[in-house]
$ cat start.cif   # mmCIF, C-alpha atoms and all ligand atoms
data_entry
loop_
_atom_site.label_atom_id
_atom_site.label_comp_id
_atom_site.auth_asym_id
_atom_site.auth_seq_id
_atom_site.Cartn_x
_atom_site.Cartn_y
_atom_site.Cartn_z
CA MET G 1 0.00 0.00 0.00
CA SER G 2 1.08 3.56 -0.49
CA LYS G 3 1.42 6.48 1.87
CA ALA G 4 2.62 4.42 4.75
CA GLY G 5 3.86 6.02 7.84
CA SER G 6 7.05 4.34 8.80
CA GLU G 7 5.66 0.99 9.94
CA THR G 8 3.79 -1.88 8.32
CA LEU G 9 0.65 -3.02 10.13
CA LEU G 10 -0.18 -6.68 10.45
CA CYS G 11 -3.71 -7.83 9.69
CA ASP G 12 -5.57 -11.11 9.22
CA ARG G 13 -7.44 -10.09 6.10
CA LEU G 14 -7.24 -7.28 3.64
CA TRP G 15 -9.98 -6.55 1.10
CA THR G 16 -8.70 -4.43 -1.77
CA ASN G 17 -10.06 -2.97 -5.01
CA ALA G 18 -13.48 -2.47 -3.44
CA ARG G 19 -16.11 0.23 -3.42
CA LEU G 20 -17.35 0.83 0.10
CA ALA G 21 -20.79 1.88 1.26
CA THR G 22 -19.57 2.38 4.80
CA MET G 23 -22.90 3.93 5.90
CA ALA G 24 -20.86 6.17 8.19
CA PRO G 25 -22.32 9.68 8.42
CA GLY G 26 -21.11 12.13 5.77
CA ALA G 27 -21.19 11.41 2.04
CA PRO G 28 -24.19 9.54 0.57
CA TYR G 29 -23.90 5.90 1.67
CA GLY G 30 -20.60 6.90 3.31
CA ALA G 31 -19.24 5.88 -0.08
CA VAL G 32 -15.56 5.34 -0.83
CA GLU G 33 -14.42 4.57 -4.39
CA ASP G 34 -11.27 2.47 -4.55
CA GLY G 35 -11.36 1.48 -0.91
CA VAL G 36 -9.68 -1.10 1.27
CA ILE G 37 -10.67 -2.78 4.52
CA ALA G 38 -8.19 -4.37 6.90
CA ALA G 39 -9.33 -6.64 9.74
CA ARG G 40 -7.57 -8.15 12.73
CA ASP G 41 -9.07 -10.38 15.43
CA GLY G 42 -12.56 -9.87 14.00
CA ARG G 43 -12.37 -6.08 14.15
CA ILE G 44 -11.94 -3.48 11.44
CA LEU G 45 -8.45 -2.03 11.65
CA TYR G 46 -8.83 0.34 8.72
CA ALA G 47 -11.59 1.12 6.21
CA GLY G 48 -11.23 3.91 3.70
CA PRO G 49 -9.53 5.13 0.54
CA ARG G 50 -6.61 3.07 -0.71
CA ASP G 51 -4.38 6.10 -1.14
CA GLU G 52 -4.78 7.09 2.50
CA ALA G 53 -4.27 3.61 3.90
CA PRO G 54 -1.24 2.65 5.96
CA ALA G 55 0.94 -0.17 4.71
CA PHE G 56 -0.47 -3.57 5.64
CA GLN G 57 1.01 -7.01 5.77
CA ALA G 58 -1.96 -9.34 5.45
CA ALA G 59 -2.22 -13.06 6.06
CA ILE G 60 -4.92 -13.17 3.35
CA THR G 61 -5.56 -10.52 0.70
CA ILE G 62 -8.82 -10.57 -1.24
CA ASP G 63 -9.15 -8.65 -4.51
CA CYS G 64 -12.81 -7.56 -4.68
CA ALA G 65 -12.65 -6.69 -8.40
CA GLY G 66 -14.53 -3.44 -7.88
CA ARG G 67 -17.46 -5.00 -6.00
CA TRP G 68 -19.39 -3.01 -3.41
CA ILE G 69 -19.00 -3.79 0.29
CA THR G 70 -21.69 -2.78 2.78
CA PRO G 71 -21.93 -3.48 6.49
CA GLY G 72 -23.33 -6.95 7.18
CA LEU G 73 -27.12 -6.65 7.24
CA ILE G 74 -28.96 -6.56 10.57
CA ASP G 75 -32.47 -7.93 10.95
CA CYS G 76 -33.52 -6.15 14.14
CA HIS G 77 -37.05 -7.58 14.57
CA THR G 78 -37.86 -11.26 14.00
CA HIS G 79 -39.90 -14.04 15.54
CA LEU G 80 -37.69 -16.68 13.93
CA VAL G 81 -38.27 -19.49 16.45
CA TYR G 82 -41.76 -21.03 16.34
CA GLY G 83 -43.60 -24.27 15.67
CA GLY G 84 -45.85 -25.01 12.70
CA ASP G 85 -46.91 -22.52 10.04
CA ARG G 86 -50.03 -20.58 9.18
CA ALA G 87 -50.63 -21.35 5.54
CA HIS G 88 -54.17 -22.43 6.38
CA GLU G 89 -54.90 -19.07 8.00
CA PHE G 90 -53.55 -17.41 4.88
CA GLU G 91 -56.17 -19.31 2.96
CA LEU G 92 -58.90 -18.24 5.43
CA ARG G 93 -57.92 -14.61 5.13
CA LEU G 94 -58.21 -14.88 1.38
CA GLN G 95 -61.75 -16.06 2.00
CA GLY G 96 -62.43 -12.77 3.81
CA ALA G 97 -61.55 -13.08 7.51
CA THR G 98 -59.50 -10.22 9.06
CA TYR G 99 -56.44 -10.58 11.32
CA GLU G 100 -58.48 -9.27 14.25
CA GLU G 101 -61.39 -11.65 13.59
CA ILE G 102 -59.04 -14.60 13.38
CA ALA G 103 -57.39 -13.53 16.67
CA ARG G 104 -60.72 -13.08 18.47
CA ALA G 105 -61.86 -16.49 17.27
CA GLY G 106 -58.86 -18.08 19.01
CA GLY G 107 -56.88 -18.63 15.82
CA GLY G 108 -53.96 -16.56 14.71
CA ILE G 109 -51.17 -16.38 17.26
CA LEU G 110 -52.78 -19.06 19.41
CA SER G 111 -52.46 -21.76 16.78
CA THR G 112 -48.72 -21.05 16.64
CA VAL G 113 -48.64 -21.10 20.46
CA THR G 114 -50.01 -24.65 20.49
CA ALA G 115 -47.52 -25.82 17.88
CA THR G 116 -44.62 -24.11 19.69
CA ARG G 117 -45.56 -25.55 23.09
CA ASN G 118 -45.68 -29.02 21.56
CA ALA G 119 -42.39 -28.77 19.68
CA SER G 120 -39.06 -30.05 21.02
CA GLU G 121 -36.07 -27.73 21.26
CA ASP G 122 -34.41 -29.67 18.45
CA ALA G 123 -37.44 -29.29 16.20
CA LEU G 124 -37.65 -25.56 16.91
CA PHE G 125 -33.93 -25.19 16.21
CA ALA G 126 -34.19 -27.08 12.93
CA SER G 127 -37.07 -25.03 11.56
CA ALA G 128 -35.58 -21.70 12.68
CA ASP G 129 -32.24 -22.71 11.18
CA ARG G 130 -33.78 -22.98 7.72
CA ARG G 131 -35.25 -19.50 8.02
CA LEU G 132 -31.94 -18.17 9.33
CA ALA G 133 -30.16 -19.67 6.31
CA ALA G 134 -32.41 -17.59 4.04
CA LEU G 135 -31.49 -14.41 5.95
CA MET G 136 -27.78 -15.21 5.91
CA ALA G 137 -27.90 -15.93 2.17
CA GLU G 138 -28.79 -12.26 1.73
CA GLY G 139 -25.97 -10.96 3.89
CA VAL G 140 -27.46 -10.92 7.40
CA THR G 141 -24.77 -11.07 10.09
CA THR G 142 -26.88 -10.05 13.12
CA VAL G 143 -30.44 -11.10 13.90
CA GLU G 144 -32.78 -10.31 16.77
CA ILE G 145 -35.05 -13.17 17.82
CA LYS G 146 -38.10 -12.80 20.06
CA SER G 147 -39.96 -15.35 22.13
CA GLY G 148 -43.72 -14.89 22.45
CA TYR G 149 -45.21 -18.11 21.10
CA GLY G 150 -44.94 -20.04 24.35
CA LEU G 151 -47.02 -17.71 26.56
CA GLU G 152 -46.22 -19.82 29.58
CA GLN G 153 -42.96 -20.03 31.42
CA GLN G 154 -41.41 -23.26 30.20
CA ALA G 155 -42.32 -22.72 26.56
CA GLU G 156 -41.05 -19.12 26.61
CA LEU G 157 -37.76 -20.29 28.14
CA LYS G 158 -37.58 -23.02 25.50
CA GLN G 159 -37.90 -20.49 22.67
CA LEU G 160 -35.22 -18.26 24.15
CA ARG G 161 -32.85 -21.19 24.72
CA VAL G 162 -33.23 -22.15 21.07
CA ALA G 163 -32.48 -18.55 20.04
CA ARG G 164 -29.35 -18.53 22.21
CA ARG G 165 -28.31 -21.88 20.75
CA ILE G 166 -28.55 -20.45 17.23
CA GLY G 167 -26.13 -17.73 18.32
CA ARG G 168 -23.69 -20.33 19.66
CA GLU G 169 -23.86 -22.75 16.75
CA ARG G 170 -24.15 -20.51 13.70
CA PRO G 171 -21.87 -17.78 12.33
CA VAL G 172 -24.26 -14.97 13.17
CA THR G 173 -24.77 -12.61 16.10
CA VAL G 174 -28.08 -13.24 17.88
CA ARG G 175 -29.81 -10.81 20.23
CA THR G 176 -32.73 -12.29 22.13
CA THR G 177 -35.88 -10.54 23.28
CA PHE G 178 -38.40 -11.84 25.81
CA LEU G 179 -41.87 -11.20 24.38
CA GLY G 180 -43.98 -13.01 26.97
CA ALA G 181 -46.57 -10.23 26.55
CA HIS G 182 -47.18 -11.03 22.88
CA ALA G 183 -50.76 -12.26 23.26
CA VAL G 184 -53.12 -13.31 26.05
CA PRO G 185 -52.89 -17.11 26.32
CA PRO G 186 -56.15 -19.12 26.28
CA GLU G 187 -55.73 -19.92 29.99
CA TYR G 188 -56.04 -16.19 30.74
CA LYS G 189 -58.80 -15.30 28.29
CA GLY G 190 -60.45 -12.06 29.47
CA ARG G 191 -57.78 -11.60 32.18
CA SER G 192 -54.99 -9.86 30.31
CA GLY G 193 -53.99 -7.94 33.47
CA ASP G 194 -53.42 -11.16 35.42
CA TYR G 195 -51.31 -12.59 32.63
CA ALA G 196 -49.31 -9.36 32.24
CA ALA G 197 -48.55 -9.53 35.96
CA LEU G 198 -47.33 -13.10 35.53
CA VAL G 199 -45.06 -11.99 32.69
CA ALA G 200 -43.70 -9.09 34.72
CA GLY G 201 -43.25 -11.31 37.77
CA PRO G 202 -42.25 -14.98 37.79
CA MET G 203 -41.72 -15.37 34.04
CA LEU G 204 -39.35 -12.42 33.74
CA GLU G 205 -37.63 -13.58 36.91
CA ALA G 206 -36.93 -16.98 35.32
CA VAL G 207 -35.78 -15.46 32.02
CA ALA G 208 -33.38 -13.11 33.80
CA ALA G 209 -32.10 -15.83 36.14
CA GLU G 210 -30.99 -17.89 33.11
CA GLY G 211 -29.64 -14.83 31.30
CA LEU G 212 -31.79 -15.65 28.30
CA ALA G 213 -32.82 -12.17 27.15
CA ASP G 214 -31.08 -8.99 26.07
CA ALA G 215 -34.33 -7.03 25.94
CA VAL G 216 -38.04 -7.22 26.76
CA ASP G 217 -40.85 -6.48 24.30
CA ALA G 218 -44.67 -6.38 24.43
CA PHE G 219 -47.57 -6.07 22.01
CA CYS G 220 -49.49 -2.94 22.96
CA GLU G 221 -52.77 -3.24 21.08
CA GLY G 222 -56.53 -3.66 21.56
CA ILE G 223 -56.24 -7.41 20.89
CA ALA G 224 -53.27 -7.77 23.26
CA PHE G 225 -52.12 -5.50 26.13
CA SER G 226 -53.02 -1.98 27.29
CA THR G 227 -50.46 0.76 27.85
CA GLU G 228 -50.90 0.27 31.59
CA GLU G 229 -50.17 -3.46 31.35
CA THR G 230 -47.23 -2.69 29.05
CA LYS G 231 -45.85 -0.23 31.58
CA GLY G 232 -45.95 -2.89 34.29
CA VAL G 233 -43.89 -5.25 32.13
CA PHE G 234 -41.43 -2.48 31.25
CA ASP G 235 -41.00 -1.41 34.87
CA ALA G 236 -40.11 -4.99 35.78
CA ALA G 237 -37.71 -5.28 32.83
CA LYS G 238 -35.92 -2.08 33.72
CA ALA G 239 -35.62 -3.18 37.35
CA LYS G 240 -33.69 -6.18 35.96
CA GLY G 241 -31.47 -3.89 33.87
CA LEU G 242 -32.97 -5.10 30.59
CA ALA G 243 -33.60 -2.87 27.57
CA VAL G 244 -37.18 -2.49 26.36
CA LYS G 245 -38.85 -2.28 22.92
CA LEU G 246 -42.47 -2.30 21.86
CA HIS G 247 -44.87 -3.49 19.17
CA ALA G 248 -46.90 -0.28 18.99
CA GLU G 249 -49.53 1.48 16.89
CA GLN G 250 -49.84 -1.37 14.38
CA LEU G 251 -53.63 -1.64 14.20
CA SER G 252 -54.73 1.39 16.22
CA ASN G 253 -53.27 4.26 18.27
CA LEU G 254 -53.09 3.50 21.99
CA GLY G 255 -50.15 5.83 22.61
CA GLY G 256 -47.76 2.92 23.03
CA ALA G 257 -44.87 4.52 21.18
CA LYS G 258 -45.02 7.60 23.41
CA LEU G 259 -44.98 5.39 26.49
CA ALA G 260 -42.06 3.39 25.09
CA ALA G 261 -40.11 6.56 24.30
CA GLU G 262 -40.76 8.01 27.74
CA MET G 263 -39.45 4.79 29.24
CA GLY G 264 -36.26 4.98 27.18
CA ALA G 265 -37.10 2.15 24.79
CA LEU G 266 -34.51 1.20 22.18
CA SER G 267 -37.25 1.04 19.55
CA ALA G 268 -40.95 1.15 18.86
CA ASP G 269 -41.96 -1.11 16.00
CA HIS G 270 -44.71 -1.19 13.30
CA LEU G 271 -46.09 2.35 13.94
CA GLU G 272 -48.67 2.59 11.13
CA TYR G 273 -51.02 4.57 13.42
CA LEU G 274 -48.33 6.68 15.11
CA ASP G 275 -49.31 10.36 15.50
CA GLU G 276 -47.12 13.46 15.70
CA THR G 277 -47.13 13.48 19.51
CA GLY G 278 -45.67 9.99 19.43
CA VAL G 279 -43.15 10.95 16.75
CA ILE G 280 -41.96 13.91 18.84
CA ALA G 281 -41.65 11.74 21.94
CA MET G 282 -39.57 9.21 19.99
CA ALA G 283 -37.33 11.92 18.54
CA LYS G 284 -36.74 13.38 21.99
CA ALA G 285 -35.85 10.01 23.51
CA GLY G 286 -33.78 8.74 20.56
CA THR G 287 -36.11 5.75 20.27
CA VAL G 288 -35.69 4.10 16.85
CA ALA G 289 -38.75 3.65 14.61
CA VAL G 290 -38.64 0.12 13.20
CA VAL G 291 -41.00 -0.09 10.24
CA LEU G 292 -42.08 -3.51 9.05
CA PRO G 293 -43.34 -3.35 5.48
CA GLY G 294 -43.66 -7.14 5.25
CA ALA G 295 -46.50 -7.18 7.80
CA PHE G 296 -48.10 -4.12 6.19
CA TYR G 297 -47.99 -5.87 2.83
CA PHE G 298 -49.10 -9.29 4.03
CA LEU G 299 -52.05 -7.92 6.04
CA ARG G 300 -52.93 -5.62 3.14
CA GLU G 301 -52.98 -2.62 5.45
CA THR G 302 -53.65 0.80 3.99
CA GLN G 303 -52.56 3.09 6.85
CA LYS G 304 -48.87 3.81 6.33
CA PRO G 305 -46.37 4.76 9.04
CA PRO G 306 -45.80 8.56 9.12
CA ILE G 307 -42.38 8.54 7.43
CA GLU G 308 -42.54 12.25 6.54
CA LEU G 309 -43.19 13.18 10.19
CA MET G 310 -40.34 10.93 11.29
CA ARG G 311 -37.99 12.70 8.87
CA LYS G 312 -39.27 16.11 9.95
CA HIS G 313 -38.54 15.43 13.62
CA GLY G 314 -35.34 13.47 13.02
CA VAL G 315 -36.48 10.03 14.18
CA THR G 316 -34.05 7.25 13.24
CA ILE G 317 -35.79 4.74 10.93
CA ALA G 318 -34.87 1.06 10.80
CA LEU G 319 -36.36 -1.82 8.79
CA ALA G 320 -36.81 -5.49 9.59
CA THR G 321 -38.45 -8.61 8.21
CA ASP G 322 -40.66 -9.21 11.28
CA ALA G 323 -40.25 -12.84 10.16
CA ASN G 324 -43.20 -14.63 11.77
CA PRO G 325 -45.76 -17.22 10.69
CA GLY G 326 -48.90 -15.10 11.00
CA SER G 327 -48.40 -11.63 9.58
CA SER G 328 -45.00 -11.65 7.86
CA PRO G 329 -43.69 -15.01 6.68
CA LEU G 330 -40.77 -13.17 5.15
CA THR G 331 -37.08 -14.00 5.31
CA SER G 332 -35.66 -11.58 2.73
CA PRO G 333 -34.06 -8.35 3.93
CA LEU G 334 -33.59 -7.29 0.31
CA LEU G 335 -37.32 -7.55 -0.34
CA VAL G 336 -37.94 -5.57 2.86
CA MET G 337 -35.75 -2.81 1.45
CA ASN G 338 -37.67 -2.81 -1.80
CA MET G 339 -41.03 -2.79 0.01
CA ALA G 340 -39.92 0.10 2.24
CA CYS G 341 -39.14 2.10 -0.90
CA THR G 342 -42.17 1.13 -2.97
CA LEU G 343 -44.78 1.08 -0.16
CA PHE G 344 -43.45 3.67 2.33
CA ARG G 345 -41.39 5.84 -0.09
CA LEU G 346 -38.09 5.51 1.71
CA THR G 347 -35.07 6.32 -0.43
CA PRO G 348 -32.72 3.42 -1.27
CA GLU G 349 -30.12 5.01 1.00
CA GLU G 350 -32.62 5.22 3.88
CA ALA G 351 -33.52 1.59 3.22
CA LEU G 352 -29.89 0.47 3.41
CA ALA G 353 -29.35 2.55 6.56
CA GLY G 354 -32.48 0.85 7.91
CA VAL G 355 -30.91 -2.61 7.76
CA THR G 356 -27.43 -1.51 8.85
CA ARG G 357 -26.61 1.59 10.93
CA ASN G 358 -30.13 2.26 12.20
CA ALA G 359 -30.92 -1.41 12.86
CA ALA G 360 -27.79 -1.53 15.02
CA LYS G 361 -29.15 1.36 17.05
CA ALA G 362 -32.50 -0.41 17.44
CA LEU G 363 -30.57 -3.19 19.18
CA GLY G 364 -28.34 -0.87 21.21
CA LEU G 365 -25.33 -2.11 19.22
CA GLN G 366 -24.44 1.10 17.38
CA ASP G 367 -20.94 1.18 18.86
CA GLU G 368 -20.22 -2.38 17.69
CA ILE G 369 -21.81 -2.89 14.27
CA GLY G 370 -23.88 -1.19 11.56
CA THR G 371 -21.19 0.82 9.76
CA ILE G 372 -17.81 0.01 8.26
CA GLU G 373 -15.50 1.95 10.55
CA ALA G 374 -12.25 1.25 12.32
CA GLY G 375 -12.84 -0.33 15.72
CA LYS G 376 -16.17 -1.95 14.82
CA ARG G 377 -16.73 -5.65 14.34
CA CYS G 378 -15.78 -6.82 10.87
CA ASP G 379 -19.23 -7.88 9.64
CA LEU G 380 -19.52 -7.25 5.91
CA ALA G 381 -21.58 -8.07 2.85
CA ILE G 382 -19.90 -8.05 -0.56
CA TRP G 383 -22.23 -7.52 -3.53
CA ASP G 384 -22.13 -7.95 -7.30
CA ILE G 385 -23.77 -4.61 -7.99
CA GLU G 386 -22.95 -1.41 -9.84
CA ARG G 387 -24.44 0.97 -7.27
CA PRO G 388 -25.90 0.58 -3.77
CA ALA G 389 -29.40 1.55 -4.91
CA GLU G 390 -29.55 -1.79 -6.74
CA LEU G 391 -30.05 -3.56 -3.40
CA ALA G 392 -33.44 -1.89 -2.91
CA TYR G 393 -34.32 -1.70 -6.60
CA ARG G 394 -34.43 -5.33 -7.61
CA ILE G 395 -37.19 -7.76 -6.65
CA GLY G 396 -36.41 -11.42 -6.06
CA PHE G 397 -32.76 -11.22 -7.05
CA ASN G 398 -29.87 -11.83 -4.69
CA PRO G 399 -26.56 -10.26 -5.74
CA LEU G 400 -24.63 -11.32 -2.61
CA HIS G 401 -21.09 -12.38 -3.47
CA ALA G 402 -19.79 -13.09 0.05
CA ARG G 403 -20.76 -12.62 3.67
CA ILE G 404 -18.12 -11.87 6.29
CA TRP G 405 -18.97 -12.41 9.96
CA ASN G 406 -16.51 -11.51 12.67
CA GLY G 407 -13.74 -11.05 10.12
CA GLN G 408 -14.24 -14.52 8.55
ZN ZN G 501 -43.18 -8.53 15.54
#

$ encode --input "start.cif" --output "structure tokens"
Amino acid sequence: MSKAGSETLLCDRLWTNARLATMAPGAPYGAVEDGVIAARDGRILYAGPRDEAPAFQAAITIDCAGRWITPGLIDCHTHLVYGGDRAHEFELRLQGATYEEIARAGGGILSTVTATRNASEDALFASADRRLAALMAEGVTTVEIKSGYGLEQQAELKQLRVARRIGRERPVTVRTTFLGAHAVPPEYKGRSGDYAALVAGPMLEAVAAEGLADAVDAFCEGIAFSTEETKGVFDAAKAKGLAVKLHAEQLSNLGGAKLAAEMGALSADHLEYLDETGVIAMAKAGTVAVVLPGAFYFLRETQKPPIELMRKHGVTIALATDANPGSSPLTSPLLVMNMACTLFRLTPEEALAGVTRNAAKALGLQDEIGTIEAGKRCDLAIWDIERPAELAYRIGFNPLHARIWNGQ
């Protein structure tokens, strides 16, 4: 390399002849033409223009032939671990039933709850592993996985153990979220407050005792839990030192996002019915808006999240698959990017930020991942594309050339 200082730096891997979409603040996409990336011990040692790079001695040098490198993609909202599927419900909805009607009739989430309770840990691992493979094939290096299909202590713990196991056994970073307050289980029909108290009490106690969760989430909605019940769960989570996030304003406006922001939530997710008061509260707290176009699309919603208001008030916007069997059986981050542009009018750059830098913030990992910068973990995706906008532009085409996790 040119322009060395006096010394030569040792590194494990050196990627040369690459175009970088670092997604660091500054130029569009944080772009660097003719860039190099050096990594050592799984961390980025240098990322930037070739002609400003120090001299490196690399164990392995990879010529990228002009390909684009982005940060490894981050799917910051999934329900990847569950039993069964809901293809039959899909058929019912096409015969006219709504999501809410199916839920009130005891279908929907509850059919997945039964299948999840009855599944072994190995079976849950095997089915989640196939979905994870689809995410990784499109460059995902970090995935958040929620529980919420057990709705009783042992089954919730089982889901979280499977999620942790995925993180141990696969080359991907897993963040786990306890979503015991996802739905009211049949045993507590009509007694959502009693169940929410159970979640906030003994269930959370058991989850924390085993160290199974990085964060706690709830579904604040007419068909699930009130803001008051949500607050009880959040208070308990915060007392345990756990981060909180919230499914809010998906089907109606209960003021969940405002509550989440006021309680310092990492993110509020869905947000189709979010109003300006909620947007302002989120901006003030730095709570990330995670929009989930897959669920919007699959449920054929018409109310769109207030993207323009989010931009106006400077709310950070992230995107995720929301991979789940009922409302978003989607395991393609690239399609999510396209949907966010076509359905919600995000720009391709906002869409890429939504699955990298901003998704990292939604997980509280912004100092570790999400951009290509010296000091961060070396999680990268290398693409056969001519410009970064191609990632959001195409439909059903995967231009991934290579995925690098932890420098490998
Ligand atoms: Zn969700």

$ closest_residue --input "start.cif" --among "G:Leu365, G:Ala87, G:Val140, G:Met310" --to "Ile74 in chain G" --atoms "all atoms listed in the file"
G:Val140

$ residues_near_ligand --input "start.cif" --ligand "ligand ZN 501 (chain G)" --cutoff "12 Å" --atoms "only C-alpha atoms and all ligand atoms" --output "ChimeraX atom specification"
/G:75-80,109,144-149,177-179,181-183,217-220,245-250,267-271,290-296,319-330

$ closest_residue --input "start.cif" --among "G:Gly190, G:Gly96, G:Gly256, G:Pro388" --to "Pro348 in chain G" --atoms "all atoms listed in the file"
G:Pro388

$ atom_distance --input "start.cif" --atom1 "CA of Glu349 in chain G" --atom2 "CA of Val288 in chain G"
16.8 Å

$ residues_near_point --input "start.cif" --point "(-25.1, 9.0, -3.1)" --cutoff "9 Å" --atoms "all atoms listed in the file" --output "PyMOL selection string"
chain G and resi 27-31+349+388-389

$ write_last_selection --input "start.cif" --atoms "C-alpha atoms" --output "PDB file, in the frame of the given file"
ATOM      1  CA  ALA G  27     -21.190  11.410   2.040  1.00  0.00           C
ATOM      2  CA  PRO G  28     -24.190   9.540   0.570  1.00  0.00           C
ATOM      3  CA  TYR G  29     -23.900   5.900   1.670  1.00  0.00           C
ATOM      4  CA  GLY G  30     -20.600   6.900   3.310  1.00  0.00           C
ATOM      5  CA  ALA G  31     -19.240   5.880  -0.080  1.00  0.00           C
ATOM      6  CA  GLU G 349     -30.120   5.010   1.000  1.00  0.00           C
ATOM      7  CA  PRO G 388     -25.900   0.580  -3.770  1.00  0.00           C
ATOM      8  CA  ALA G 389     -29.400   1.550  -4.910  1.00  0.00           C
TER       9      ALA G 389
END

$ closest_residue --input "start.cif" --among "G:Asp194, G:Asp384, G:Glu138, G:Glu373" --to "Pro333 in chain G" --atoms "all atoms listed in the file"
G:Glu138

$ atom_distance --input "start.cif" --atom1 "CA of Ile404 in chain G" --atom2 "CA of Glu52 in chain G"
23.5 Å

$ residues_around --input "start.cif" --residues "Leu380 in chain G" --least-positions-apart "3" --cutoff "6 Å" --atoms "only C-alpha atoms" --output "MDAnalysis selection string"
chainID G and resid 70:72 403:404

$ closest_residue --input "start.cif" --among "G:Gln95, G:Gln153, G:Thr287, G:Ser252" --to "Ala265 in chain G" --atoms "only C-alpha atoms"
G:Thr287

$ closest_residue --input "start.cif" --among "G:Tyr99, G:Trp15, G:Phe90, G:Tyr82" --to "Thr114 in chain G" --atoms "only C-alpha atoms"
G:Tyr82

$ closest_residue --input "start.cif" --among "G:Ser127, G:Gln154, G:Ser192, G:Thr22" --to "Ile166 in chain G" --atoms "all atoms listed in the file"
G:Ser127

$ atom_distance --input "start.cif" --atom1 "CA of Ala213 in chain G" --atom2 "CA of Gly167 in chain G"
12.4 Å

$ residues_around --input "start.cif" --residues "Asp12 in chain G" --least-positions-apart "5" --cutoff "8 Å" --atoms "only C-alpha atoms" --output "JSON, numbers by chain"
{"G": [38, 39, 40, 41, 58, 59, 60]}

$ residues_around --input "start.cif" --residues "Pro171 in chain G" --least-positions-apart "3" --cutoff "8 Å" --atoms "all atoms listed in the file" --output "CSV table (one decimal) with C-alpha atoms, in the coordinates of the input"
chain,number,residue,atom,x,y,z
G,141,THR,CA,-24.8,-11.1,10.1
G,167,GLY,CA,-26.1,-17.7,18.3
G,168,ARG,CA,-23.7,-20.3,19.7
G,405,TRP,CA,-19.0,-12.4,10.0

$ residues_around --input "start.cif" --residues "Ile102 in chain G" --least-positions-apart "5" --cutoff "9 Å" --atoms "all atoms listed in the file" --output "PyMOL selection string"
chain G and resi 89+92-93+97+107-109

$ residues_around --input "start.cif" --residues "range 6-10 of chain G" --least-positions-apart "3" --cutoff "6 Å" --atoms "all atoms listed in the file" --output "ChimeraX atom specification"
/G:55-58
